[in-house]
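Below: coords.txt (compact mmCIF, C-alpha atoms)
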```txt
# COMPACT_ATOMS: atom_id res chain seq x y z
CA MET S 1 0.00 0.00 0.00
CA ARG S 2 1.33 3.43 -0.99
CA VAL S 3 0.21 6.21 1.33
CA LEU S 4 0.63 9.95 0.87
CA GLY S 5 1.15 11.55 4.28
CA ILE S 6 0.45 15.21 5.08
CA GLU S 7 1.58 17.05 8.23
CA THR S 8 0.37 20.61 8.92
CA SER S 9 -0.26 20.71 12.66
CA CYS S 10 1.87 23.76 13.45
CA ASP S 11 4.73 25.55 11.68
CA GLU S 12 6.14 22.89 9.36
CA THR S 13 4.59 21.59 6.16
CA GLY S 14 5.54 17.96 5.60
CA VAL S 15 4.60 15.58 2.80
CA ALA S 16 5.84 12.02 2.22
CA ILE S 17 4.98 8.79 0.43
CA TYR S 18 5.34 5.54 2.34
CA ASP S 19 5.11 2.11 0.73
CA SER S 20 4.19 -0.75 3.08
CA GLU S 21 6.66 -3.03 1.26
CA ALA S 22 9.38 -0.70 -0.09
CA GLY S 23 9.44 1.84 2.76
CA LEU S 24 9.81 5.58 2.32
CA LEU S 25 9.69 6.62 -1.34
CA GLY S 26 9.64 10.40 -1.05
CA ASP S 27 9.85 13.01 1.69
CA ALA S 28 9.77 16.83 1.60
CA LEU S 29 9.55 19.42 4.35
CA TYR S 30 9.16 23.18 4.50
CA SER S 31 9.89 24.91 7.81
CA GLN S 32 8.29 28.23 8.72
CA VAL S 33 10.92 29.10 11.35
CA ALA S 34 12.06 32.20 9.46
CA VAL S 35 8.44 33.39 9.17
CA HIS S 36 7.78 33.23 12.92
CA ALA S 37 11.26 34.04 14.31
CA GLU S 38 10.71 37.79 14.36
CA TYR S 39 7.62 37.28 16.55
CA GLY S 40 9.38 34.96 19.00
CA GLY S 41 6.84 32.17 18.45
CA VAL S 42 4.28 30.73 16.07
CA VAL S 43 1.59 33.09 14.75
CA PRO S 44 -1.35 30.77 13.91
CA GLU S 45 -2.77 32.82 11.04
CA LEU S 46 0.61 33.11 9.35
CA ALA S 47 1.15 29.38 9.80
CA SER S 48 -2.15 28.53 8.11
CA ARG S 49 -1.46 30.83 5.17
CA ASP S 50 2.00 29.37 4.64
CA HIS S 51 0.60 25.82 4.64
CA VAL S 52 -1.82 26.87 1.90
CA ARG S 53 1.07 28.21 -0.19
CA LYS S 54 3.45 25.29 0.29
CA LEU S 55 1.34 22.13 0.54
CA LEU S 56 0.51 21.38 -3.10
CA PRO S 57 4.03 22.19 -4.38
CA LEU S 58 5.39 19.72 -1.82
CA VAL S 59 2.91 17.07 -2.97
CA LYS S 60 4.19 17.50 -6.53
CA GLU S 61 7.77 17.32 -5.25
CA VAL S 62 7.37 14.00 -3.45
CA LEU S 63 5.54 12.47 -6.41
CA GLN S 64 8.54 13.42 -8.55
CA GLN S 65 10.93 11.98 -5.96
CA ALA S 66 9.01 8.70 -6.01
CA ASP S 67 8.81 8.80 -9.82
CA MET S 68 5.08 8.17 -9.81
CA GLN S 69 1.80 9.73 -10.84
CA ALA S 70 -1.08 10.49 -8.49
CA ASP S 71 -2.99 7.42 -9.67
CA ALA S 72 -0.33 5.23 -8.01
CA ILE S 73 -1.34 6.49 -4.56
CA ASP S 74 -3.54 4.01 -2.67
CA ALA S 75 -4.57 6.23 0.26
CA VAL S 76 -4.02 9.60 1.92
CA ALA S 77 -3.16 10.19 5.58
CA TYR S 78 -3.28 13.64 7.16
CA THR S 79 -2.75 15.03 10.64
CA ALA S 80 -6.15 15.58 12.26
CA GLY S 81 -4.87 16.76 15.64
CA PRO S 82 -3.71 17.87 18.08
CA GLY S 83 -2.41 21.20 16.81
CA LEU S 84 -3.46 24.63 15.60
CA ILE S 85 -6.99 24.34 14.23
CA GLY S 86 -6.39 26.54 11.18
CA ALA S 87 -3.20 24.70 10.24
CA LEU S 88 -4.87 21.33 10.76
CA MET S 89 -7.79 22.32 8.54
CA VAL S 90 -5.44 23.13 5.64
CA GLY S 91 -3.93 19.65 5.64
CA ALA S 92 -7.17 17.84 6.40
CA SER S 93 -9.25 19.57 3.73
CA THR S 94 -6.52 19.21 1.10
CA GLY S 95 -5.88 15.57 1.96
CA ARG S 96 -9.57 14.71 1.97
CA ALA S 97 -10.10 16.53 -1.36
CA MET S 98 -7.23 14.67 -3.03
CA ALA S 99 -8.45 11.33 -1.73
CA LEU S 100 -11.94 12.04 -3.03
CA ALA S 101 -10.60 13.13 -6.43
CA TRP S 102 -8.37 10.06 -6.69
CA GLY S 103 -11.04 7.66 -5.43
CA VAL S 104 -8.95 6.34 -2.55
CA PRO S 105 -9.54 6.14 1.22
CA ALA S 106 -8.23 8.75 3.64
CA ILE S 107 -7.50 8.69 7.34
CA GLY S 108 -6.93 11.35 9.98
CA VAL S 109 -3.81 10.61 12.04
CA HIS S 110 -3.01 11.61 15.61
CA HIS S 111 0.05 13.86 15.53
CA MET S 112 1.62 12.35 18.66
CA GLU S 113 1.04 8.81 17.42
CA GLY S 114 2.98 9.84 14.35
CA HIS S 115 5.89 10.96 16.54
CA LEU S 116 5.66 7.83 18.65
CA LEU S 117 5.95 5.61 15.56
CA ALA S 118 8.69 7.66 13.84
CA PRO S 119 11.48 5.34 15.11
CA MET S 120 9.77 2.56 13.13
CA LEU S 121 11.10 4.27 9.99
CA GLU S 122 14.67 3.34 10.96
CA GLU S 123 16.59 0.25 9.88
CA HIS S 124 16.41 -1.36 13.32
CA PRO S 125 13.03 -0.42 14.81
CA PRO S 126 11.86 -1.36 18.31
CA ALA S 127 9.38 -4.16 18.89
CA PHE S 128 6.29 -3.86 21.07
CA PRO S 129 5.96 -3.40 23.99
CA PHE S 130 8.07 -0.40 25.01
CA VAL S 131 8.06 2.82 27.00
CA ALA S 132 7.87 6.02 24.96
CA LEU S 133 9.05 9.47 26.01
CA LEU S 134 7.22 11.98 23.82
CA VAL S 135 8.80 15.43 23.94
CA SER S 136 7.25 17.48 21.16
CA GLY S 137 6.11 21.10 21.30
CA GLY S 138 3.50 21.40 24.03
CA HIS S 139 3.72 17.72 24.99
CA THR S 140 5.94 15.90 27.47
CA GLN S 141 4.55 12.45 28.17
CA LEU S 142 5.65 9.00 29.24
CA VAL S 143 3.52 6.33 27.61
CA GLN S 144 3.36 2.56 27.96
CA VAL S 145 2.99 1.21 24.44
CA ASP S 146 1.70 -2.36 24.07
CA GLY S 147 0.83 -1.97 20.38
CA ILE S 148 -0.47 0.60 17.92
CA GLY S 149 -3.42 2.26 19.62
CA GLU S 150 -2.70 0.47 22.90
CA TYR S 151 -1.42 3.35 24.99
CA THR S 152 -1.37 3.89 28.73
CA LEU S 153 -0.36 7.32 29.94
CA LEU S 154 2.19 6.93 32.73
CA GLY S 155 3.01 10.57 33.32
CA GLU S 156 2.91 14.00 31.72
CA SER S 157 3.83 17.62 32.31
CA LEU S 158 1.54 19.40 34.74
CA ASP S 159 2.44 22.81 33.30
CA ASP S 160 5.06 23.76 30.70
CA ALA S 161 6.30 20.98 28.44
CA ALA S 162 10.06 20.52 28.00
CA GLY S 163 10.01 22.07 24.54
CA GLU S 164 8.09 25.10 25.77
CA ALA S 165 10.53 25.49 28.66
CA PHE S 166 13.45 25.45 26.22
CA ASP S 167 11.81 28.17 24.12
CA LYS S 168 11.08 30.36 27.13
CA ALA S 169 14.53 29.88 28.67
CA ALA S 170 16.06 30.82 25.33
CA LYS S 171 14.08 34.04 25.25
CA MET S 172 15.19 34.89 28.81
CA ILE S 173 18.86 34.84 27.80
CA GLY S 174 18.36 36.59 24.48
CA LEU S 175 18.33 33.67 22.05
CA ASN S 176 16.24 33.35 18.92
CA TYR S 177 13.20 31.14 18.27
CA PRO S 178 13.06 28.14 18.20
CA GLY S 179 14.84 27.92 21.52
CA GLY S 180 15.80 24.25 21.85
CA PRO S 181 18.56 24.13 19.23
CA GLU S 182 19.81 27.59 20.28
CA VAL S 183 20.11 26.62 23.96
CA ALA S 184 21.90 23.36 23.02
CA ARG S 185 24.33 25.27 20.78
CA LEU S 186 25.17 27.79 23.50
CA ALA S 187 25.38 25.08 26.18
CA GLU S 188 28.30 23.47 24.35
CA GLN S 189 30.39 26.50 25.28
CA GLY S 190 29.21 26.67 28.88
CA ASP S 191 30.76 25.62 32.19
CA ARG S 192 28.42 22.86 33.37
CA SER S 193 29.85 22.91 36.89
CA ARG S 194 29.15 26.59 37.62
CA PHE S 195 25.42 26.33 38.36
CA ARG S 196 23.17 23.52 39.45
CA PHE S 197 19.56 24.14 38.54
CA PRO S 198 16.75 22.12 40.21
CA ARG S 199 15.56 18.79 38.79
CA PRO S 200 11.79 19.34 39.24
CA MET S 201 9.66 16.64 40.87
CA THR S 202 12.48 14.08 40.97
CA ASP S 203 12.53 14.10 44.78
CA ARG S 204 9.05 12.62 44.96
CA PRO S 205 7.50 9.43 43.54
CA GLY S 206 5.59 9.38 40.29
CA LEU S 207 6.17 10.00 36.60
CA ASP S 208 4.68 13.45 36.09
CA PHE S 209 6.78 16.45 35.06
CA SER S 210 6.80 20.15 35.90
CA PHE S 211 9.10 22.69 34.28
CA SER S 212 7.53 25.99 35.37
CA GLY S 213 9.68 26.19 38.51
CA LEU S 214 12.83 25.54 36.49
CA LYS S 215 11.79 28.32 34.15
CA THR S 216 11.42 30.71 37.09
CA PHE S 217 14.80 29.66 38.51
CA THR S 218 16.39 30.36 35.12
CA LEU S 219 14.77 33.80 34.96
CA ASN S 220 15.92 34.74 38.47
CA THR S 221 19.46 33.54 37.79
CA SER S 222 19.74 35.51 34.57
CA ASN S 223 18.30 38.65 36.19
CA ASP S 224 20.77 38.43 39.09
CA LEU S 225 23.69 38.35 36.66
CA ARG S 226 22.66 41.25 34.45
CA VAL S 227 24.75 44.40 34.56
CA ASP S 228 22.83 47.44 33.37
CA GLY S 229 20.30 45.02 31.86
CA VAL S 230 22.93 43.13 29.87
CA LEU S 231 23.83 39.46 30.33
CA ALA S 232 27.48 38.63 29.59
CA GLU S 233 28.17 35.99 26.95
CA LYS S 234 29.87 33.66 29.44
CA ASP S 235 26.89 33.90 31.77
CA ARG S 236 24.53 33.09 28.90
CA CYS S 237 26.57 30.01 28.00
CA ASP S 238 26.75 28.78 31.60
CA ILE S 239 23.02 29.30 32.16
CA ALA S 240 22.21 27.45 28.94
CA ALA S 241 24.40 24.52 30.05
CA ALA S 242 22.83 24.39 33.51
CA PHE S 243 19.31 24.60 32.10
CA GLU S 244 19.93 21.89 29.50
CA ASP S 245 21.44 19.56 32.11
CA ALA S 246 18.48 20.10 34.44
CA VAL S 247 15.94 19.19 31.75
CA VAL S 248 17.97 16.23 30.49
CA ASP S 249 18.56 14.80 33.99
CA THR S 250 14.88 15.20 34.87
CA LEU S 251 13.76 13.36 31.74
CA ALA S 252 16.33 10.59 32.30
CA ILE S 253 15.32 10.04 35.92
CA LYS S 254 11.65 9.73 34.98
CA CYS S 255 12.45 7.40 32.06
CA ARG S 256 14.40 5.10 34.36
CA ARG S 257 11.45 4.98 36.76
CA ALA S 258 9.10 4.17 33.88
CA LEU S 259 11.28 1.27 32.74
CA GLN S 260 11.48 -0.06 36.29
CA GLN S 261 7.74 0.36 36.84
CA THR S 262 6.73 -1.46 33.65
CA GLY S 263 9.56 -3.97 33.57
CA PHE S 264 10.08 -3.17 29.88
CA LYS S 265 13.55 -3.22 28.36
CA GLN S 266 12.97 -0.88 25.45
CA LEU S 267 12.71 2.92 25.56
CA ILE S 268 11.95 5.13 22.59
CA ILE S 269 12.21 8.91 22.53
CA ALA S 270 10.34 10.95 19.94
CA GLY S 271 9.51 14.55 19.14
CA GLY S 272 11.64 17.63 18.58
CA VAL S 273 13.49 17.52 21.91
CA SER S 274 14.55 13.91 21.20
CA ALA S 275 17.06 15.35 18.71
CA ASN S 276 18.98 16.91 21.62
CA GLN S 277 22.39 15.21 21.67
CA ARG S 278 22.89 15.65 25.40
CA LEU S 279 19.57 13.90 26.07
CA ARG S 280 20.47 11.00 23.80
CA GLU S 281 23.84 10.54 25.51
CA ARG S 282 22.32 10.67 28.99
CA LEU S 283 19.63 8.16 28.11
CA GLU S 284 22.16 5.83 26.47
CA GLU S 285 24.05 5.78 29.78
CA MET S 286 20.86 5.14 31.72
CA VAL S 287 19.52 2.27 29.58
CA LYS S 288 22.92 0.58 29.66
CA LYS S 289 22.73 0.46 33.45
CA GLU S 290 19.15 -0.83 33.23
CA ARG S 291 20.17 -3.44 30.61
CA ALA S 292 17.66 -1.94 28.25
CA ALA S 293 17.80 -0.47 24.74
CA LEU S 294 17.18 3.04 23.41
CA PHE S 295 15.57 3.85 20.06
CA TYR S 296 15.01 7.15 18.28
CA ALA S 297 14.48 8.51 14.79
CA ARG S 298 17.09 10.29 12.70
CA PRO S 299 17.07 14.06 13.45
CA ARG S 300 14.93 15.07 10.45
CA PHE S 301 12.17 12.73 11.63
CA CYS S 302 12.25 14.06 15.22
CA THR S 303 10.61 17.34 14.26
CA ASP S 304 7.22 17.42 12.52
CA ASN S 305 7.31 15.62 9.18
CA GLY S 306 5.11 13.89 6.63
CA ALA S 307 6.92 10.54 6.81
CA MET S 308 5.69 9.76 10.32
CA ILE S 309 2.11 10.57 9.31
CA ALA S 310 2.34 8.43 6.17
CA TYR S 311 3.70 5.51 8.23
CA ALA S 312 1.15 5.79 11.04
CA GLY S 313 -1.68 6.17 8.55
CA CYS S 314 -0.48 3.18 6.55
CA GLN S 315 -0.57 0.92 9.61
CA ARG S 316 -4.16 1.84 10.38
CA LEU S 317 -5.30 1.70 6.77
CA MET S 318 -3.86 -1.79 6.37
CA ALA S 319 -5.86 -2.78 9.46
CA GLY S 320 -9.04 -1.70 7.67
CA GLN S 321 -9.49 1.66 9.36
CA SER S 322 -10.32 4.89 7.53
CA SER S 323 -12.12 8.21 8.09
CA ASP S 324 -15.50 9.15 6.66
CA LEU S 325 -16.11 12.05 4.28
CA SER S 326 -16.48 14.63 7.03
CA ILE S 327 -13.44 16.72 7.92
CA GLN S 328 -12.91 16.52 11.66
CA CYS S 329 -9.90 18.14 13.29
CA GLN S 330 -9.23 18.09 17.02
CA PRO S 331 -6.91 20.75 18.47
CA ARG S 332 -6.94 18.70 21.69
CA TRP S 333 -7.02 14.94 21.36
CA PRO S 334 -5.98 12.54 24.17
CA MET S 335 -3.91 9.77 22.63
CA ASP S 336 -5.33 7.10 24.93
CA THR S 337 -8.71 7.50 23.21
CA LEU S 338 -7.36 6.09 19.94
CA GLU S 339 -8.74 2.82 18.60
CA PRO S 340 -6.24 -0.05 18.80
CA ILE S 341 -5.29 -2.02 15.73
CA THR S 342 -6.92 -5.43 16.00
CA LYS S 343 -4.39 -8.21 16.37
CA GLY S 344 -4.35 -11.20 14.02
```

structure tokens encoding of this file:
Amino acid sequence: MRVLGIETSCDETGVAIYDSEAGLLGDALYSQVAVHAEYGGVVPELASRDHVRKLLPLVKEVLQQADMQADAIDAVAYTAGPGLIGALMVGASTGRAMALAWGVPAIGVHHMEGHLLAPMLEEHPPAFPFVALLVSGGHTQLVQVDGIGEYTLLGESLDDAAGEAFDKAAKMIGLNYPGGPEVARLAEQGDRSRFRFPRPMTDRPGLDFSFSGLKTFTLNTSNDLRVDGVLAEKDRCDIAAAFEDAVVDTLAIKCRRALQQTGFKQLIIAGGVSANQRLRERLEEMVKKERAALFYARPRFCTDNGAMIAYAGCQRLMAGQSSDLSIQCQPRWPMDTLEPITKG
């Protein structure tokens, strides 16, 4: 089955073609970072308009990459939520219209399920069951995954997600949007022994997260070091290093608890923050001690992309699932409400 996947949940337009037998045949992505950078965050209306401009050209691009015509597509998968409602509607309405014109089925895909399954696109994918750490945009969640659609939420952020905290910390020390990569870049030059920021909620049992206190600690530290309102470059680097280590250690501690609680020996990390090299190194150390294994997608499949949507949609379509003709997008959509894929 050849599935065209469309991702338009936020500020990246992604399109891909996934073949259930041959794998990924084409993949194209347009990032709106430059559009939103001057505003310090995503402007929903601008995001929707840019998806309208870029989506069809990207569809043509991936068809050319795959060396196929539209009549070779067997189904269309599009992100139906969660995300920005206007952005979601662009992808959903376009995907549904193409499916109707081509006479093929279509299916709305859960954005976070797409991220969760992104490591399946790699040469050595994990096998079910496993624990998943999802760190994407406004989501930080630990999920027990027994199969596709068989999800048990183990813990989540009670306030700011890790990605949001990175963006806000970056803004506090004068870095550009998006903050995660900028903080990581600056942290490489920092003295990691100068400050020790708190590891929130690691001194109590449970698997929930909270990063609002860490954000406040970062703000207070940066304000205390300013001279005439200016933060020295060395101070910025050291704060970035301390902040990154605090987030990474917190995530690693909770992941270890989740593995111990479930008894599973496989951990996957997915979403934009999973591309952080410091996080990957810390988790590799942790799983080695736990005699477990760590899986993640290549960096370009950590951020939003069409390939993960094409793959997730393909799995559900092959199980006989599809969406009706109505266009239904859900800005908020709990992943544990998804229908499981029937086994054998």

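Comparing S:Tyr151, S:Phe130, S:Phe243, S:Tyr30 by their smallest distance to S:Arg196, the closest is S:Phe243 (using only C-alpha atoms).
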
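Here the question is which of S:Arg199, S:Arg298, S:Arg49, S:Arg2 gets nearest to S:Asp249 using all atoms listed in the file, and that residue is S:Arg199.
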
Shell of 7 Å around S:Gln141, only C-alpha atoms, local chain residues under 6 positions omitted, as a ChimeraX atom specification: /S:133-135,155-157

Hey, which bits of stretch 294-317 of chain S sit within 10 Å of stretch 17-29 of chain S, and for each residue what's the closest pair of atoms and how far apart in Å (one decimal), counting all atoms listed in the file, rows by chain and increasing number, as a Markdown table?
```
| residue | atom | partner | partner_atom | distance |
| --- | --- | --- | --- | --- |
| S:Arg300 | CA | S:Leu29 | CA | 9.2 |
| S:Asp304 | CA | S:Leu29 | CA | 8.7 |
| S:Asn305 | CA | S:Leu29 | CA | 6.5 |
| S:Gly306 | CA | S:Asp27 | CA | 6.9 |
| S:Ala307 | CA | S:Asp27 | CA | 6.4 |
| S:Met308 | CA | S:Tyr18 | CA | 9.0 |
| S:Ile309 | CA | S:Tyr18 | CA | 9.2 |
| S:Ala310 | CA | S:Tyr18 | CA | 5.7 |
| S:Tyr311 | CA | S:Tyr18 | CA | 6.1 |
| S:Ala312 | CA | S:Tyr18 | CA | 9.7 |
| S:Gly313 | CA | S:Tyr18 | CA | 9.4 |
| S:Cys314 | CA | S:Ser20 | CA | 7.0 |
| S:Gln315 | CA | S:Ser20 | CA | 8.3 |
```

Looking at only C-alpha atoms, which of S:Gly320, S:Gly206, S:Pro119, S:Pro125 is the one that sits closest to S:Ala297? S:Pro119

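Using all atoms listed in the file, the residues found no farther than 8 Å from S:Leu231, other than those of its own chain fewer than 5 positions away, are Ile173, Ser222, Leu225, Arg226 and Arg236 of chain S.
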
Dump as a PDB file, keeping the file's coordinate frame, selection limited to C-alpha atoms:
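What follows is the written file selection_17.pdb:
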```
ATOM      1  CA  ILE S 173      18.860  34.840  27.800  1.00  0.00           C
ATOM      2  CA  SER S 222      19.740  35.510  34.570  1.00  0.00           C
ATOM      3  CA  LEU S 225      23.690  38.350  36.660  1.00  0.00           C
ATOM      4  CA  ARG S 226      22.660  41.250  34.450  1.00  0.00           C
ATOM      5  CA  ARG S 236      24.530  33.090  28.900  1.00  0.00           C
TER       6      ARG S 236
END
```

Using only C-alpha atoms, which residues sit within 8 Å of S:Leu55 once same-chain residues fewer than 5 positions away are excluded, as a ChimeraX atom specification? /S:13-15,91
